[in-house]
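Participant: Sending over a structure as structure tokens; questions will come in a sec.
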Protein chains: 2
Amino acid sequence: METPKRRRSATRARLLEGALEVFAERGFHGAAVEDICERAGFTRGAFYSNFGSKDELVLALFEAMTDRLLEQITALLPELATQPGTLLDAVLGLLDDAAPDQRQWHLISTEFTLHALRSPEAADALIRQRTVFRQRLTELVEEITRTGDLRLSVPADQFVRLVIAVHEGARAQSLLEPDAVPAGSLEHTFLPMVLDAVSRP
Amino acid sequence: METPKRRRSATRARLLEGALEVFAERGFHGAAVEDICERAGFTRGAFYSNFGSKDELVLALFEAMTDRLLEQITALLPELATQPGTLLDAVLGLLDDAAPDQRQWHLISTEFTLHALRSPEAADALIRQRTVFRQRLTELVEEITRTGDLRLSVPADQFVRLVIAVHEGARAQSLLEPDAVPAGSLEHTFLPMVLDAVSRP
């Protein structure tokens with residue numbers, strides 16, 4: 001039986017899905033709340049009973065994506081925590097696969113970051129969201145180094161920041177030149193070297 | 001004496017400078033050719049006798065920036081070619097300093113890359129421009145490894161792609177959280193480790 005709570009959650013999910021498509025087509029600034037509602041088949045009222053603003057919807061998109069990713073990583077842990085190199089490869093694979101559509105995801109996350117560079121409120125919200133994600137990844141790295149009896153010569157948070165920087169920078173190149181830079185190729189080539197260089201038994 | 005050629009070049013330079021400001025304020029899509037002309041103090045006629053379109057102006061901005069950067073790197077070569085680590089640090093320093101304003105530069109170059117992901121013509125032009133830049137950096141890396149009698153275990157072009165990916169990915173983090181990620185910090189911490197891992201005497 002469909003409860004009001006479940007219906008509400010389905011409405012949110014459809015709005016998020018519709019938004020991702022509309023953003024990819026028209027850009028964050030070009031996509032009006034009306035366009036998103038039309039795509040998802042809801043009224044403005046349904047939108048605003050779920051999200052305070054377009055910014056809030058994008059942050060909910062980020063949260064859904066990073067939650068899914070963190071769950072998947074956590075599921076890998078029991079098996080791979082003692083093999084940091086293999087685990088890193090698996091995590092990098094998840095980064096590529098986590099978004100159903102890397103191009104859509106790159107467009108909206110990059111556009112929202114640019115928006116945040118011009119809007120202090122959006123910046124605060126984005127920094128909070130990214131900080132939570134990074135902290136959880138950092139805890140994972142720390143757990144792995146403990147399990148593997150490794151010590152890192154750099155703070156785990158710095159390594160996590162590097163992984164994110166390489167992933168985001170490489171994704172722009174992969175999307176622009178998919179044949180020259182297959183998705184994940186720079187990450188898989190170079191990040192294990194860095195992990196190796198910063199870990200000591 | 002001011003020749004027509006010199007005047008033309010001064011007009012281009014003022015248009016480029018004005019454009020960088022207007023783009024940073026209003027975004028690539030929000031900045032009209034009229035706004036750029038007004039900022040630089042020229043007519044639309046002056047604009048179109050220098051640039052075929054807004055896209056062409058942005059590509060000219062990229063070219064001016066990368067030419068300046070490559071010149072500065074080439075000037076460092078005679079002294080530092082035999083010290084790959086020191087040279088890498090110096091090149092990373094130049095990447096940070098090459099743009100008079102990293103924020104403006106990040107906004108316009110990232111926005112144009114997003115535009116290229118939606119416009120095949122812009123993508124072709126951007127790929128051509130970036131390819132020339134990468135090829136010249138790759139030649140430099142090859143020259144350095146020859147001089148230092150080093151061999152790279154990865155193609156020099158891949159290392160150059162990594163440097164660009166880390167720089168662009170890290171710049172987004174630095175601009176969003178300047179205190180947590182000082183400009184250049186991720187690059188200076190991790191890229192020398194990678195260079196070390198991929199070079200063999």
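Following the order of the structure tokens, first chain is A, next is B, and so on, with residues numbered from 1 inside each chain and ligands from 1 in the order they appear.
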Tell me as a PyMOL selection string which residues belonging to chain B come within 10 Å of chain A, counting only C-alpha atoms.
Facilitator: chain B and resi 24-27+29-30+103+106-108+110-111+113-118+120+123-124+126-127+154+158-159+161-173+175-177+180-181+185-187+189-198
Participant: Write down as a count of residues only the residues belonging to range 26-163 of chain A that are assigned helix (DSSP H, G or I) by DSSP computed on the backbone.
Facilitator: 115
Participant: Applying 10 Å and only C-alpha atoms, which residues near range 55-64 of chain B remain after dropping the ones on its own chain fewer than 4 positions away? List them as number ranges by chain.
Facilitator: B: 12-13, 15-17, 19-20, 23, 28, 33, 47-48, 50-51, 68-69, 105, 108-109, 112, 115-116, 121-122, 125-126, 129-130, 132-133
Participant: Report, in Å to a single decimal, how far apart CA of Thr11 in chain B and CA of Thr131 in chain B are.
Facilitator: 27.6 Å
Participant: Have a look at A:Arg6, A:Arg44, A:Gln72, A:Gln104 and name the one nearest to Val22 in chain A; count only C-alpha atoms.
Facilitator: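 Going through A:Arg6, A:Arg44, A:Gln72, A:Gln104 one by one, the smallest distance to Val22 in chain A is for A:Gln104.
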Participant: Hey, what's within 9 Å of range 136-149 of chain B if we count only C-alpha atoms and toss same-chain stuff fewer than 5 positions away? As a ChimeraX atom specification, please?
Facilitator: /B:70,73-74,77,80-84,87,131,156-160,199-201
